[in-house]
file final.pdb (PDB, C-alpha atoms)
ATOM      1  CA  MET A1293      18.831  -6.438 -17.676  1.00  0.00           C
ATOM      2  CA  LYS A1294      21.115  -5.733 -14.723  1.00  0.00           C
ATOM      3  CA  ILE A1295      19.682  -6.336 -11.295  1.00  0.00           C
ATOM      4  CA  PHE A1296      18.975  -3.107  -9.319  1.00  0.00           C
ATOM      5  CA  HIS A1297      19.505  -0.911 -12.403  1.00  0.00           C
ATOM      6  CA  PRO A1298      17.376   2.239 -12.000  1.00  0.00           C
ATOM      7  CA  ASN A1299      15.987   1.971 -15.540  1.00  0.00           C
ATOM      8  CA  ASN A1300      14.528  -1.513 -14.981  1.00  0.00           C
ATOM      9  CA  ARG A1301      11.248   0.049 -13.908  1.00  0.00           C
ATOM     10  CA  TYR A1302      10.775   1.519 -17.392  1.00  0.00           C
ATOM     11  CA  ALA A1303      11.245  -1.739 -19.346  1.00  0.00           C
ATOM     12  CA  SER A1304       7.492  -2.072 -19.964  1.00  0.00           C
ATOM     13  CA  PRO A1305       4.162  -0.876 -18.578  1.00  0.00           C
ATOM     14  CA  GLU A1306       4.040  -4.067 -16.491  1.00  0.00           C
ATOM     15  CA  HIS A1307       7.450  -3.222 -14.996  1.00  0.00           C
ATOM     16  CA  GLU A1308       6.158   0.240 -14.099  1.00  0.00           C
ATOM     17  CA  ARG A1309       3.103  -1.305 -12.424  1.00  0.00           C
ATOM     18  CA  ILE A1310       5.274  -3.757 -10.441  1.00  0.00           C
ATOM     19  CA  TYR A1311       7.565  -0.906  -9.412  1.00  0.00           C
ATOM     20  CA  ALA A1312       4.630   1.173  -8.157  1.00  0.00           C
ATOM     21  CA  LEU A1313       3.169  -1.720  -6.144  1.00  0.00           C
ATOM     22  CA  TYR A1314       6.471  -2.518  -4.458  1.00  0.00           C
ATOM     23  CA  GLU A1315       7.069   1.172  -3.697  1.00  0.00           C
ATOM     24  CA  ILE A1316       3.697   1.348  -1.957  1.00  0.00           C
ATOM     25  CA  TRP A1317       4.563  -1.680   0.180  1.00  0.00           C
ATOM     26  CA  TYR A1318       8.055  -0.305   0.858  1.00  0.00           C
ATOM     27  CA  THR A1319       6.635   3.040   2.007  1.00  0.00           C
ATOM     28  CA  MET A1320       3.998   1.376   4.207  1.00  0.00           C
ATOM     29  CA  VAL A1321       6.658  -0.766   5.914  1.00  0.00           C
ATOM     30  CA  ASP A1322       8.838   2.330   6.350  1.00  0.00           C
ATOM     31  CA  PHE A1323       6.011   4.249   8.058  1.00  0.00           C
ATOM     32  CA  LEU A1324       5.174   1.270  10.268  1.00  0.00           C
ATOM     33  CA  ALA A1325       8.789   0.856  11.367  1.00  0.00           C
ATOM     34  CA  ALA A1326       9.182   4.563  12.091  1.00  0.00           C
ATOM     35  CA  SER A1327       5.897   4.651  14.027  1.00  0.00           C
ATOM     36  CA  LEU A1328       6.884   1.663  16.134  1.00  0.00           C
ATOM     37  CA  PHE A1329      10.232   3.246  16.969  1.00  0.00           C
ATOM     38  CA  VAL A1330       8.687   6.599  17.917  1.00  0.00           C
ATOM     39  CA  VAL A1331       5.985   5.049  20.119  1.00  0.00           C
ATOM     40  CA  GLY A1332       8.494   2.589  21.581  1.00  0.00           C
ATOM     41  CA  SER A1333      10.842   5.465  22.422  1.00  0.00           C
ATOM     42  CA  VAL A1334       8.090   7.320  24.268  1.00  0.00           C
ATOM     43  CA  LEU A1335       7.098   4.175  26.178  1.00  0.00           C
ATOM     44  CA  PHE A1336      10.662   3.886  27.485  1.00  0.00           C
ATOM     45  CA  PHE A1337      10.058   6.960  29.670  1.00  0.00           C
ATOM     46  CA  TRP A1338       8.130   4.779  32.147  1.00  0.00           C
ATOM     47  CA  SER A1339       9.484   1.571  33.605  1.00  0.00           C
ATOM     48  CA  SER A1340       6.006   0.015  33.576  1.00  0.00           C
ATOM     49  CA  THR A1341       5.869   0.165  29.748  1.00  0.00           C
ATOM     50  CA  GLN A1342       9.410  -0.960  28.923  1.00  0.00           C
ATOM     51  CA  THR A1343       8.359  -4.463  27.866  1.00  0.00           C
ATOM     52  CA  PRO A1344       5.890  -3.250  25.207  1.00  0.00           C
ATOM     53  CA  ALA A1345       8.495  -0.673  24.130  1.00  0.00           C
ATOM     54  CA  THR A1346      11.064  -3.425  23.662  1.00  0.00           C
ATOM     55  CA  TRP A1347       8.618  -5.419  21.541  1.00  0.00           C
ATOM     56  CA  MET A1348       7.940  -2.343  19.422  1.00  0.00           C
ATOM     57  CA  PHE A1349      11.663  -1.993  18.773  1.00  0.00           C
ATOM     58  CA  VAL A1350      11.931  -5.660  17.825  1.00  0.00           C
ATOM     59  CA  ILE A1351       8.958  -5.457  15.439  1.00  0.00           C
ATOM     60  CA  GLY A1352      10.238  -2.140  14.038  1.00  0.00           C
ATOM     61  CA  SER A1353      13.631  -3.741  13.431  1.00  0.00           C
ATOM     62  CA  LEU A1354      11.958  -6.596  11.565  1.00  0.00           C
ATOM     63  CA  CYS A1355      10.156  -4.020   9.429  1.00  0.00           C
ATOM     64  CA  PHE A1356      13.474  -2.369   8.608  1.00  0.00           C
ATOM     65  CA  ALA A1357      14.821  -5.812   7.619  1.00  0.00           C
ATOM     66  CA  LEU A1358      11.785  -6.288   5.379  1.00  0.00           C
ATOM     67  CA  LYS A1359      12.624  -3.188   3.322  1.00  0.00           C
ATOM     68  CA  PRO A1360      15.646  -4.621   1.430  1.00  0.00           C
ATOM     69  CA  THR A1361      13.745  -7.900   1.131  1.00  0.00           C
ATOM     70  CA  LEU A1362      10.977  -6.082  -0.753  1.00  0.00           C
ATOM     71  CA  ARG A1363      13.516  -4.470  -3.079  1.00  0.00           C
ATOM     72  CA  LEU A1364      15.126  -7.840  -3.807  1.00  0.00           C
ATOM     73  CA  MET A1365      11.726  -9.438  -4.432  1.00  0.00           C
ATOM     74  CA  ARG A1366      10.905  -6.660  -6.919  1.00  0.00           C
ATOM     75  CA  GLU A1367      14.160  -7.214  -8.806  1.00  0.00           C
ATOM     76  CA  LEU A1368      13.630 -10.988  -8.883  1.00  0.00           C
ATOM     77  CA  THR A1369      10.139 -10.364 -10.249  1.00  0.00           C
ATOM     78  CA  TYR A1370      11.688  -8.268 -13.025  1.00  0.00           C
ATOM     79  CA  LEU A1371      14.126 -11.071 -13.849  1.00  0.00           C
ATOM     80  CA  ARG A1372      11.332 -13.629 -13.910  1.00  0.00           C
ATOM     81  CA  MET A1373       9.308 -11.369 -16.221  1.00  0.00           C
ATOM     82  CA  LYS A1374      12.289 -11.100 -18.580  1.00  0.00           C
ATOM     83  CA  LYS A1375      12.674 -14.890 -18.687  1.00  0.00           C
ATOM     84  CA  TYR A1376       9.003 -15.317 -19.536  1.00  0.00           C
ATOM     85  CA  ALA A1377       9.289 -12.731 -22.308  1.00  0.00           C
ATOM     86  CA  THR A1378      12.375 -14.506 -23.682  1.00  0.00           C
ATOM     87  CA  LEU A1379      10.583 -17.871 -23.615  1.00  0.00           C
ATOM     88  CA  ALA A1380       7.574 -16.365 -25.381  1.00  0.00           C
ATOM     89  CA  ARG A1381       9.820 -14.994 -28.160  1.00  0.00           C
ATOM     90  CA  HIS A1382      11.431 -18.411 -28.613  1.00  0.00           C
ATOM     91  CA  GLU A1383       8.018 -20.066 -28.905  1.00  0.00           C
ATOM     92  CA  GLN A1384       7.014 -17.735 -31.721  1.00  0.00           C
ATOM     93  CA  TYR A1385       9.728 -19.095 -34.055  1.00  0.00           C
TER      94      TYR A1385
END
call {"tool": "encode", "arguments": {"input": "final.pdb", "output": "structure tokens"}}
result
Amino acid sequence: MKIFHPNNRYASPEHERIYALYEIWYTMVDFLAASLFVVGSVLFFWSSTQTPATWMFVIGSLCFALKPTLRLMRELTYLRMKKYATLARHEQY
């Protein structure tokens, strides 16, 4: 199993379930980041709200950094699942 191969999600029903869960989290983080950037952009129109706007950009940036982290975590979960399956096969013999 190659890491980040598009067919990894189809390796088993459990892989498909893991893929779906991580996609939900990925999409939620994406919406949160986009929302923070839009609201932060609007708040920059007034000097009195620039500090909260700056914080929204910082938090939105952290959300964007979380996105590839979620993808990597999903792939590492796949690798861990493969190792467990390999160990289980070895135990059967």
call {"tool": "resolve_selection", "arguments": {"input": "final.pdb", "expression": "the PyMOL selection byres ((chain A and resi 1331) around 12)", "output": "PyMOL selection string"}}
result
chain A and resi 1324-1330+1332-1337+1341-1342+1344-1349+1351-1352
call {"tool": "resolve_selection", "arguments": {"input": "final.pdb", "expression": "the PyMOL selection byres ((chain A and resi 1371) around 12)", "output": "ChimeraX atom specification"}}
result
/A:1293-1297,1300-1301,1303,1307,1310,1364-1370,1372-1378
call {"tool": "closest_residue", "arguments": {"input": "final.pdb", "among": "A:Pro1360, A:Asn1299, A:Ser1304, A:Cys1355", "to": "Val1321 (chain A)", "atoms": "only C-alpha atoms"}}
result
A:Cys1355
call {"tool": "atom_distance", "arguments": {"input": "final.pdb", "atom1": "CA of Met1320 (chain A)", "atom2": "CA of Leu1362 (chain A)"}}
result
11.4 Å
call {"tool": "atom_distance", "arguments": {"input": "final.pdb", "atom1": "CA of Lys1359 (chain A)", "atom2": "CA of Thr1343 (chain A)"}}
result
24.9 Å
call {"tool": "atom_distance", "arguments": {"input": "final.pdb", "atom1": "CA of Glu1306 (chain A)", "atom2": "CA of Leu1354 (chain A)"}}
result
29.3 Å
